[in-house]
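One file, input.json, is given below (JSON, C-alpha atoms and all ligand atoms).
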[["chain", "number", "residue", "atom", "x", "y", "z"],
["A", 226, "MET", "CA", 106.28, 162.54, 171.66],
["A", 227, "ILE", "CA", 108.55, 160.49, 169.48],
["A", 228, "SER", "CA", 107.42, 157.34, 171.13],
["A", 229, "LEU", "CA", 103.82, 158.49, 170.80],
["A", 230, "PHE", "CA", 104.27, 158.69, 167.05],
["A", 231, "GLY", "CA", 105.78, 155.25, 167.30],
["A", 232, "ILE", "CA", 109.34, 155.46, 166.08],
["A", 233, "LYS", "CA", 109.63, 151.81, 166.99],
["A", 234, "ASP", "CA", 106.66, 151.11, 164.82],
["A", 235, "LEU", "CA", 108.51, 152.63, 161.93],
["A", 236, "GLN", "CA", 111.58, 150.58, 162.55],
["A", 237, "PRO", "CA", 110.57, 147.54, 160.57],
["A", 238, "HIS", "CA", 110.40, 149.78, 157.50],
["A", 239, "LEU", "CA", 113.53, 151.70, 158.35],
["A", 240, "TYR", "CA", 115.53, 148.61, 158.95],
["A", 241, "LEU", "CA", 114.61, 146.41, 156.05],
["A", 242, "ASP", "CA", 117.74, 144.85, 154.68],
["A", 243, "SER", "CA", 119.11, 146.20, 151.39],
["A", 244, "THR", "CA", 118.08, 143.12, 149.34],
["A", 245, "ALA", "CA", 114.48, 143.50, 150.44],
["A", 246, "ILE", "CA", 114.56, 147.21, 149.56],
["A", 247, "GLN", "CA", 115.97, 146.46, 146.13],
["A", 248, "THR", "CA", 113.34, 143.76, 145.53],
["A", 249, "SER", "CA", 110.61, 146.13, 146.65],
["A", 250, "LEU", "CA", 111.92, 148.92, 144.44],
["A", 251, "SER", "CA", 112.26, 146.71, 141.38],
["A", 252, "GLN", "CA", 108.74, 145.34, 141.89],
["A", 253, "ARG", "CA", 107.43, 148.86, 142.12],
["A", 254, "PHE", "CA", 109.34, 149.82, 139.01],
["A", 255, "ILE", "CA", 107.95, 146.83, 137.10],
["A", 256, "THR", "CA", 104.41, 147.62, 138.26],
["A", 257, "ALA", "CA", 104.80, 151.28, 137.31],
["A", 258, "PHE", "CA", 106.22, 150.31, 133.92],
["A", 259, "LYS", "CA", 103.33, 147.90, 133.29],
["A", 260, "MET", "CA", 100.82, 150.60, 134.24],
["A", 261, "PHE", "CA", 102.58, 153.02, 131.90],
["A", 262, "GLU", "CA", 102.46, 150.42, 129.12],
["A", 263, "ILE", "CA", 98.73, 149.80, 129.69],
["A", 264, "ASN", "CA", 98.01, 153.54, 129.74],
["A", 265, "LEU", "CA", 100.01, 154.00, 126.55],
["A", 266, "LYS", "CA", 98.02, 151.23, 124.83],
["A", 267, "LEU", "CA", 94.74, 152.75, 126.03],
["A", 268, "PHE", "CA", 95.91, 156.13, 124.75],
["A", 269, "TYR", "CA", 96.67, 154.70, 121.28],
["A", 270, "ILE", "CA", 93.35, 152.83, 121.18],
["A", 271, "SER", "CA", 91.51, 156.04, 122.13],
["A", 272, "ILE", "CA", 93.30, 158.04, 119.44],
["A", 273, "GLN", "CA", 92.54, 155.38, 116.81],
["A", 274, "PHE", "CA", 88.91, 155.27, 117.89],
["A", 275, "LEU", "CA", 88.61, 159.06, 117.72],
["A", 276, "LEU", "CA", 90.23, 159.16, 114.29],
["A", 277, "LEU", "CA", 87.96, 156.41, 113.00],
["A", 278, "ALA", "CA", 84.93, 158.12, 114.48],
["A", 279, "ALA", "CA", 85.93, 161.42, 112.88],
["A", 280, "VAL", "CA", 86.49, 159.86, 109.44],
["A", 281, "SER", "CA", 83.42, 157.65, 109.47],
["A", 282, "SER", "CA", 81.08, 160.28, 110.86],
["A", 283, "CYS", "CA", 82.31, 162.80, 108.36],
["A", 284, "TYR", "CA", 81.22, 161.02, 105.21],
["A", 285, "GLN", "CA", 78.21, 159.07, 106.28],
["A", 286, "CYS", "CA", 74.91, 160.37, 105.01],
["A", 287, "GLN", "CA", 71.95, 159.28, 107.10],
["A", 288, "THR", "CA", 69.30, 159.81, 104.47],
["A", 289, "PRO", "CA", 67.27, 156.56, 104.64],
["A", 290, "ASP", "CA", 67.17, 154.22, 101.65],
["A", 291, "SER", "CA", 63.38, 154.46, 101.59],
["A", 292, "TRP", "CA", 63.66, 158.21, 100.89],
["A", 293, "LEU", "CA", 66.08, 157.94, 97.98],
["A", 294, "SER", "CA", 63.36, 157.14, 95.47],
["A", 295, "GLY", "CA", 61.83, 160.54, 96.27],
["A", 296, "ILE", "CA", 58.37, 159.29, 97.21],
["A", 297, "ALA", "CA", 56.74, 162.12, 99.14],
["A", 298, "ARG", "CA", 54.40, 159.95, 101.16],
["A", 299, "GLU", "CA", 57.25, 158.10, 102.87],
["A", 300, "GLN", "CA", 58.96, 161.29, 103.90],
["A", 301, "GLN", "CA", 56.21, 163.53, 105.17],
["A", 302, "GLN", "CA", 57.15, 164.73, 108.62],
["A", 303, "ASN", "CA", 54.13, 166.86, 109.31],
["A", 304, "THR", "CA", 51.06, 166.41, 107.19],
["A", 305, "ASP", "CA", 49.30, 169.37, 108.81],
["A", 306, "PHE", "CA", 51.83, 171.77, 107.38],
["A", 307, "GLY", "CA", 52.26, 173.18, 103.92],
["A", 308, "ASP", "CA", 51.05, 171.94, 100.58],
["A", 309, "ARG", "CA", 49.14, 168.71, 101.07],
["A", 310, "SER", "CA", 48.28, 168.36, 97.40],
["A", 311, "LEU", "CA", 51.42, 166.30, 96.91],
["A", 312, "LEU", "CA", 50.08, 163.74, 99.34],
["A", 313, "GLN", "CA", 46.89, 163.48, 97.32],
["A", 314, "ASN", "CA", 48.89, 163.00, 94.17],
["A", 315, "SER", "CA", 48.59, 159.39, 93.10],
["A", 316, "ASN", "CA", 52.14, 159.37, 91.81],
["A", 317, "PRO", "CA", 54.15, 161.79, 93.91],
["A", 318, "LYS", "CA", 57.51, 160.13, 93.18],
["A", 319, "GLY", "CA", 60.32, 162.38, 92.10],
["A", 320, "LYS", "CA", 58.44, 165.67, 92.27],
["A", 321, "ILE", "CA", 60.75, 168.47, 91.22],
["A", 322, "TRP", "CA", 60.82, 172.14, 92.19],
["A", 323, "PRO", "CA", 58.83, 174.25, 89.70],
["A", 324, "ASN", "CA", 61.18, 176.26, 87.45],
["A", 325, "GLY", "CA", 64.12, 175.00, 89.50],
["A", 326, "VAL", "CA", 63.41, 177.54, 92.24],
["A", 327, "VAL", "CA", 63.94, 176.22, 95.78],
["A", 328, "LYS", "CA", 62.69, 178.29, 98.68],
["A", 329, "TYR", "CA", 64.70, 178.00, 101.86],
["A", 330, "LYS", "CA", 64.66, 179.05, 105.49],
["A", 331, "PHE", "CA", 67.70, 179.23, 107.76],
["A", 332, "HIS", "CA", 66.87, 177.47, 111.02],
["A", 333, "GLU", "CA", 67.96, 179.03, 114.31],
["A", 334, "THR", "CA", 70.42, 176.18, 114.89],
["A", 335, "LEU", "CA", 72.74, 177.64, 112.23],
["A", 336, "THR", "CA", 75.76, 179.70, 113.27],
["A", 337, "LEU", "CA", 77.32, 182.40, 111.09],
["A", 338, "TRP", "CA", 79.93, 179.83, 110.01],
["A", 339, "ASP", "CA", 77.19, 177.42, 108.93],
["A", 340, "ILE", "CA", 75.36, 180.13, 107.00],
["A", 341, "SER", "CA", 78.59, 181.01, 105.21],
["A", 342, "GLU", "CA", 79.10, 177.34, 104.21],
["A", 343, "VAL", "CA", 75.48, 177.03, 103.07],
["A", 344, "ARG", "CA", 75.80, 180.17, 100.95],
["A", 345, "LYS", "CA", 78.90, 178.70, 99.30],
["A", 346, "ALA", "CA", 76.85, 175.57, 98.58],
["A", 347, "PHE", "CA", 74.09, 177.71, 96.99],
["A", 348, "GLU", "CA", 76.74, 179.42, 94.89],
["A", 349, "GLU", "CA", 77.93, 176.05, 93.62],
["A", 350, "PHE", "CA", 74.45, 175.31, 92.23],
["A", 351, "HIS", "CA", 73.99, 178.85, 90.92],
["A", 352, "THR", "CA", 77.27, 178.66, 89.02],
["A", 353, "LYS", "CA", 76.86, 175.20, 87.49],
["A", 354, "THR", "CA", 73.11, 174.74, 87.11],
["A", 355, "CYS", "CA", 69.92, 176.71, 86.51],
["A", 356, "ILE", "CA", 68.72, 175.97, 90.06],
["A", 357, "ARG", "CA", 68.06, 179.04, 92.17],
["A", 358, "PHE", "CA", 67.84, 179.04, 95.96],
["A", 359, "GLU", "CA", 65.65, 181.89, 97.16],
["A", 360, "PRO", "CA", 64.63, 182.95, 100.69],
["A", 361, "TRP", "CA", 61.17, 181.85, 101.79],
["A", 362, "ARG", "CA", 58.50, 184.54, 101.57],
["A", 363, "GLU", "CA", 55.03, 184.74, 103.05],
["A", 364, "GLY", "CA", 52.75, 182.60, 100.93],
["A", 365, "ASP", "CA", 55.39, 180.09, 99.81],
["A", 366, "ASN", "CA", 53.98, 176.67, 100.63],
["A", 367, "ASN", "CA", 57.01, 174.53, 99.99],
["A", 368, "PHE", "CA", 60.45, 175.17, 101.41],
["A", 369, "VAL", "CA", 63.64, 173.54, 102.59],
["A", 370, "SER", "CA", 64.57, 174.27, 106.18],
["A", 371, "ILE", "CA", 68.37, 174.31, 106.47],
["A", 372, "GLU", "CA", 69.25, 172.92, 109.89],
["A", 373, "VAL", "CA", 72.10, 171.75, 112.10],
["A", 374, "ASP", "CA", 71.92, 168.40, 113.86],
["A", 375, "ASP", "CA", 75.18, 167.43, 115.52],
["A", 376, "SER", "CA", 74.04, 163.85, 116.10],
["A", 377, "ILE", "CA", 74.39, 163.16, 112.36],
["A", 378, "CYS", "CA", 76.67, 163.99, 109.44],
["A", 379, "GLY", "CA", 73.85, 164.78, 107.08],
["A", 380, "LYS", "CA", 70.28, 163.92, 106.18],
["A", 381, "ALA", "CA", 67.75, 165.42, 103.81],
["A", 382, "ASN", "CA", 64.36, 164.82, 102.27],
["A", 383, "VAL", "CA", 64.69, 163.70, 98.67],
["A", 384, "CYS", "CA", 62.90, 165.67, 95.90],
["A", 385, "LEU", "CA", 60.02, 168.07, 96.62],
["A", 386, "ILE", "CA", 57.80, 166.45, 99.22],
["A", 387, "GLY", "CA", 55.36, 169.31, 99.91],
["A", 388, "GLY", "CA", 55.32, 171.84, 102.74],
["A", 389, "TYR", "CA", 58.19, 171.69, 105.20],
["A", 390, "GLN", "CA", 61.20, 169.57, 104.38],
["A", 391, "PHE", "CA", 64.72, 169.72, 105.67],
["A", 392, "ALA", "CA", 68.40, 169.51, 104.72],
["A", 393, "ARG", "CA", 70.60, 168.96, 107.77],
["A", 394, "PHE", "CA", 74.30, 168.78, 108.43],
["A", 395, "GLY", "CA", 76.17, 168.38, 111.71],
["A", 396, "GLY", "CA", 79.24, 167.29, 113.63],
["A", 397, "GLN", "CA", 82.38, 167.24, 111.47],
["A", 398, "CYS", "CA", 80.23, 167.74, 108.38],
["A", 399, "ARG", "CA", 79.20, 171.39, 108.75],
["A", 400, "THR", "CA", 80.87, 172.19, 105.45],
["A", 401, "MET", "CA", 79.98, 173.50, 102.02],
["A", 402, "ALA", "CA", 80.57, 170.05, 100.45],
["A", 403, "ALA", "CA", 78.29, 168.26, 102.91],
["A", 404, "MET", "CA", 75.56, 170.84, 102.29],
["A", 405, "VAL", "CA", 75.97, 170.49, 98.50],
["A", 406, "HIS", "CA", 75.32, 166.76, 99.02],
["A", 407, "GLN", "CA", 72.19, 167.36, 101.10],
["A", 408, "LEU", "CA", 70.79, 170.06, 98.80],
["A", 409, "ALA", "CA", 71.34, 167.73, 95.84],
["A", 410, "HIS", "CA", 69.05, 165.27, 97.67],
["A", 411, "ALA", "CA", 66.42, 168.02, 97.92],
["A", 412, "LEU", "CA", 66.75, 168.39, 94.15],
["A", 413, "CYS", "CA", 66.10, 164.64, 93.61],
["A", 414, "LEU", "CA", 69.60, 163.15, 93.41],
["A", 415, "GLY", "CA", 70.18, 159.83, 95.16],
["A", 416, "HIS", "CA", 73.42, 158.06, 96.06],
["A", 417, "GLU", "CA", 75.79, 157.02, 93.31],
["A", 418, "HIS", "CA", 77.22, 154.06, 95.27],
["A", 419, "GLN", "CA", 73.67, 152.75, 95.85],
["A", 420, "ARG", "CA", 72.76, 152.59, 92.15],
["A", 421, "MET", "CA", 71.30, 149.26, 91.04],
["A", 422, "ASP", "CA", 74.29, 148.76, 88.71],
["A", 423, "ARG", "CA", 76.94, 149.75, 91.23],
["A", 424, "ASP", "CA", 78.40, 146.20, 91.42],
["A", 425, "ASP", "CA", 79.83, 146.76, 87.95],
["A", 426, "HIS", "CA", 81.93, 149.61, 89.37],
["A", 427, "VAL", "CA", 82.65, 149.10, 93.07],
["A", 428, "GLY", "CA", 82.99, 146.03, 95.28],
["A", 429, "PHE", "CA", 82.17, 145.47, 98.94],
["A", 430, "GLN", "CA", 84.09, 142.24, 99.61],
["A", 431, "ASN", "CA", 84.77, 141.58, 103.30],
["A", 432, "CYS", "CA", 82.43, 144.37, 104.40],
["A", 433, "THR", "CA", 79.89, 143.67, 107.09],
["A", 434, "ASN", "CA", 77.76, 146.78, 106.65],
["A", 435, "VAL", "CA", 77.20, 146.97, 102.93],
["A", 436, "PRO", "CA", 75.07, 149.90, 101.71],
["A", 437, "ASN", "CA", 71.90, 148.61, 100.05],
["A", 438, "LYS", "CA", 71.19, 149.12, 96.42],
["A", 439, "ALA", "CA", 68.27, 151.47, 96.15],
["A", 440, "ALA", "CA", 65.77, 152.22, 93.40],
["A", 441, "GLN", "CA", 66.31, 155.92, 92.96],
["A", 442, "PHE", "CA", 64.53, 158.65, 91.10],
["A", 443, "HIS", "CA", 67.18, 159.37, 88.50],
["A", 444, "GLN", "CA", 68.63, 156.10, 87.19],
["A", 445, "GLY", "CA", 71.34, 155.25, 84.74],
["A", 446, "GLY", "CA", 73.95, 157.27, 82.93],
["A", 447, "ILE", "CA", 77.72, 157.08, 83.24],
["A", 448, "TYR", "CA", 78.82, 155.83, 86.64],
["A", 449, "ASP", "CA", 80.29, 158.89, 88.33],
["A", 450, "TYR", "CA", 83.16, 158.16, 90.69],
["A", 451, "LEU", "CA", 83.61, 161.90, 91.15],
["A", 452, "SER", "CA", 80.03, 162.54, 92.22],
["A", 453, "GLN", "CA", 79.46, 164.46, 95.44],
["A", 454, "MET", "CA", 76.75, 161.84, 95.95],
["A", 455, "HIS", "CA", 79.31, 159.01, 96.13],
["A", 456, "SER", "CA", 80.57, 157.86, 99.52],
["A", 457, "GLN", "CA", 84.29, 157.53, 100.09],
["A", 458, "CYS", "CA", 85.98, 154.87, 97.96],
["A", 459, "GLY", "CA", 88.45, 152.55, 99.63],
["A", 460, "SER", "CA", 86.02, 152.02, 102.50],
["A", 461, "CYS", "CA", 82.94, 149.94, 103.17],
["A", 462, "ASP", "CA", 80.88, 153.14, 102.87],
["A", 463, "GLY", "CA", 81.63, 153.72, 99.21],
["A", 464, "GLY", "CA", 83.14, 150.38, 98.21],
["A", 465, "PHE", "CA", 86.45, 149.40, 96.68],
["A", 466, "VAL", "CA", 87.53, 149.97, 93.11],
["A", 467, "VAL", "CA", 89.59, 147.29, 91.33],
["A", 468, "ASP", "CA", 92.12, 149.89, 90.29],
["A", 469, "SER", "CA", 93.14, 151.39, 93.61],
["A", 470, "ARG", "CA", 94.33, 154.54, 91.83],
["A", 471, "VAL", "CA", 90.69, 155.41, 91.16],
["A", 472, "LYS", "CA", 89.50, 157.72, 93.88],
["A", 473, "CYS", "CA", 85.98, 158.82, 94.58],
["A", 474, "GLY", "CA", 83.85, 160.60, 97.08],
["A", 475, "PRO", "CA", 83.99, 163.83, 99.00],
["A", 476, "ASP", "CA", 87.79, 164.05, 99.19],
["A", 477, "VAL", "CA", 88.18, 164.38, 95.43],
["A", 478, "THR", "CA", 85.23, 166.60, 94.56],
["A", 479, "ARG", "CA", 84.69, 169.72, 96.61],
["A", 480, "GLY", "CA", 81.33, 170.63, 95.11],
["A", 481, "LEU", "CA", 79.27, 169.24, 92.25],
["A", 482, "SER", "CA", 81.05, 167.04, 89.73],
["A", 483, "ASN", "CA", 80.48, 167.76, 86.06],
["A", 484, "LEU", "CA", 78.11, 164.80, 85.85],
["A", 485, "ASP", "CA", 76.24, 165.89, 89.00],
["A", 486, "ALA", "CA", 75.63, 169.26, 87.37],
["A", 487, "GLU", "CA", 74.66, 167.62, 84.07],
["A", 488, "LYS", "CA", 72.20, 165.35, 85.86],
["A", 489, "ILE", "CA", 70.53, 168.25, 87.67],
["A", 490, "ASN", "CA", 70.39, 170.31, 84.49],
["A", 491, "SER", "CA", 68.79, 167.37, 82.72],
["A", 492, "ILE", "CA", 66.17, 166.76, 85.45],
["A", 493, "TYR", "CA", 65.27, 170.47, 85.53],
["A", 494, "SER", "CA", 65.50, 170.98, 81.77],
["A", 495, "CYS", "CA", 68.09, 173.71, 82.18],
["A", 496, "LYS", "CA", 69.23, 175.35, 78.97],
["A", 497, "GLY", "CA", 72.03, 177.73, 78.10],
["A", 498, "THR", "CA", 74.63, 179.09, 80.48],
["A", 499, "PHE", "CA", 74.05, 179.94, 84.12],
["A", 501, "ZN", "ZN", 73.15, 161.37, 101.04]]
Write out the structure in this file as structure tokens.
Ligand SMILES: [Zn+2]
Amino acid sequence: MISLFGIKDLQPHLYLDSTAIQTSLSQRFITAFKMFEINLKLFYISIQFLLLAAVSSCYQCQTPDSWLSGIAREQQQNTDFGDRSLLQNSNPKGKIWPNGVVKYKFHETLTLWDISEVRKAFEEFHTKTCIRFEPWREGDNNFVSIEVDDSICGKANVCLIGGYQFARFGGQCRTMAAMVHQLAHALCLGHEHQRMDRDDHVGFQNCTNVPNKAAQFHQGGIYDYLSQMHSQCGSCDGGFVVDSRVKCGPDVTRGLSNLDAEKINSIYSCKGTF
């Protein structure tokens, strides 16, 4: 039996001299160490990639530049639905919600967590502005559908476009702050870091993907580094400030900044306290 299993065949391995064994062992050790080193590098690269993906996806709004001016015609998703009179309007740019009342529907993609975050976002507007978010009722032509889309951070139609329009958040951005940003789009606010005069306030040196300047509905006023509509400073999303102590973007303002609220109250002619 032993010979059948070839003990002689095993002999060359069993009888290698000690130097050969040592060489073999050290080669194996070196190979194993190199593999470990490669795996460690791959691990670090993966972690860095994941962290970068998490940070960049969190604060990137995917609302297209062409929507920021609030022109209804460019944003209509479904012209067979809702109030088409806005499409017939010769100048539908920057249409605002009558009396500051925004009708909404919760889409079935929302979880209880999402609804809780959206309600906190509503509360932010109700506390600081005269805007009122109210549930859609039969007969309401225009409404914002609040939706989850995990392929994006956020995206919303800008101003009142007529009929169905949406405000979406997703991924790492299913938060109150991200929804405040998207609802502010629905109310006609654009992006602070895309203002035509933004070069006076932030720089994009050495950036490959520079956000475009965009002609937006509500122009001018004090440049608001604290705006919820400003992308993260210190990055190519929001630009770089000469004084690095100046911070801006979602990590410094949880909800609406004072100037965000002022801007909305000015657009909607809000008066008094809220
Ligand atoms: Zn945005």
### Task
Write as an MDAnalysis selection string the residues around ligand ZN 501 (chain A), taking 8 Å as the cut-off and counting all atoms listed in the file.
chainID A and resid 285:288 379:381 406:407 410 415:416 454
### Message
To one decimal place in Å, what is the distance between atom CA of A:Cys378 and atom CA of A:Ile489?
### Response
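Taking atom CA of A:Cys378 as the start and atom CA of A:Ile489 as the end point, the length is 23.0 Å.
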Fewer than 6 positions away in the same chain doesn't count, so skip those; otherwise give me all residues within 8 Å of A:Trp322, counting only C-alpha atoms, as an mmCIF file with C-alpha atoms, in the frame of the given file.
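Result file follows (result.cif):
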data_model
loop_
_atom_site.group_PDB
_atom_site.id
_atom_site.type_symbol
_atom_site.label_atom_id
_atom_site.label_comp_id
_atom_site.auth_asym_id
_atom_site.auth_seq_id
_atom_site.Cartn_x
_atom_site.Cartn_y
_atom_site.Cartn_z
ATOM 1 C CA CYS A 384 62.900 165.670 95.900
ATOM 2 C CA LEU A 385 60.020 168.070 96.620
ATOM 3 C CA LEU A 412 66.750 168.390 94.150
#
### Query
Could you state the separation of atom CA of A:Gln453 and atom CA of A:Ala411 in Å, given to one decimal place?
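So the two atoms, atom CA of A:Gln453 and atom CA of A:Ala411, lie 13.7 Å apart.
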### Query
For the atom pair atom CA of A:Phe429 and atom CA of A:Lys472, what is the interatomic distance in Å to one decimal place?
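Atom CA of A:Lys472 lies 15.1 Å from atom CA of A:Phe429.
Of the residues listed (A:Met260, A:Cys355, A:Met421, A:Ile321), A:Met421 shows the shortest atom-to-atom separation from A:Gln441; distances use only C-alpha atoms.
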### Message
Under the rule that only C-alpha atoms are counted, which of A:Ser469, A:Ser291, A:Gln301, A:Ser452 is the nearest residue to A:Gly388?
### Response
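Of A:Ser469, A:Ser291, A:Gln301, A:Ser452, the one nearest A:Gly388 is A:Gln301, counting only C-alpha atoms.
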Please determine an axis-aligned box that encloses all atoms of stretch 470-486 of chain A listed in the file, with 5 Å added on each side, and express its centre and edge lengths in Å to one decimal as lines of an AutoDock Vina configuration file.
center_x = 85.0
center_y = 162.6
center_z = 92.5
size_x = 28.7
size_y = 26.1
size_z = 23.3
### Task
Identify which of the residues A:Ile386, A:Ser460, A:Val466, A:Leu481 lies closest to A:Arg423, counting only C-alpha atoms when measuring atom-to-atom distances.
A:Val466
### Task
Tell me, as a PyMOL selection string, which residues lie within 10 Å of stretch 370-374 of chain A, counting all atoms listed in the file; anything in the same chain fewer than 3 positions away does not count.
chain A and resi 328-336+339-340+343+361+367+377-381+389-396+398-399+404+407-408
### Query
Pick the closest to A:Asp375 from A:His418, A:Glu299, A:Pro360, A:Gln397: which is it, counting all atoms listed in the file?
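Result for the nearest residue to A:Asp375: A:Gln397.
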### Minimum-distance residue to A:Trp338, chosen among A:Leu451, A:Met401, A:Ile492, A:Ala439 (using only C-alpha atoms)
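Distance minimum relative to A:Trp338 lands on A:Met401.
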### Task
Tell me, as a ChimeraX atom specification, which residues lie within 7 Å of A:Ser456, counting all atoms listed in the file; anything in the same chain fewer than 4 positions away does not count.
/A:284,418,462-463,474-475
Resulting file, chosen residues, C-alpha atoms, as a short mmCIF file (atom, residue, chain, number, x, y, z; two decimals), in the coordinates of the input:
data_model
loop_
_atom_site.label_atom_id
_atom_site.label_comp_id
_atom_site.auth_asym_id
_atom_site.auth_seq_id
_atom_site.Cartn_x
_atom_site.Cartn_y
_atom_site.Cartn_z
CA TYR A 284 81.22 161.02 105.21
CA HIS A 418 77.22 154.06 95.27
CA ASP A 462 80.88 153.14 102.87
CA GLY A 463 81.63 153.72 99.21
CA GLY A 474 83.85 160.60 97.08
CA PRO A 475 83.99 163.83 99.00
#
### Query
With distances taken over only C-alpha atoms, which of A:Asp422, A:Ile296, A:Thr354, A:Arg344 is nearest to A:Gly387?
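Distance minimum relative to A:Gly387 lands on A:Ile296.
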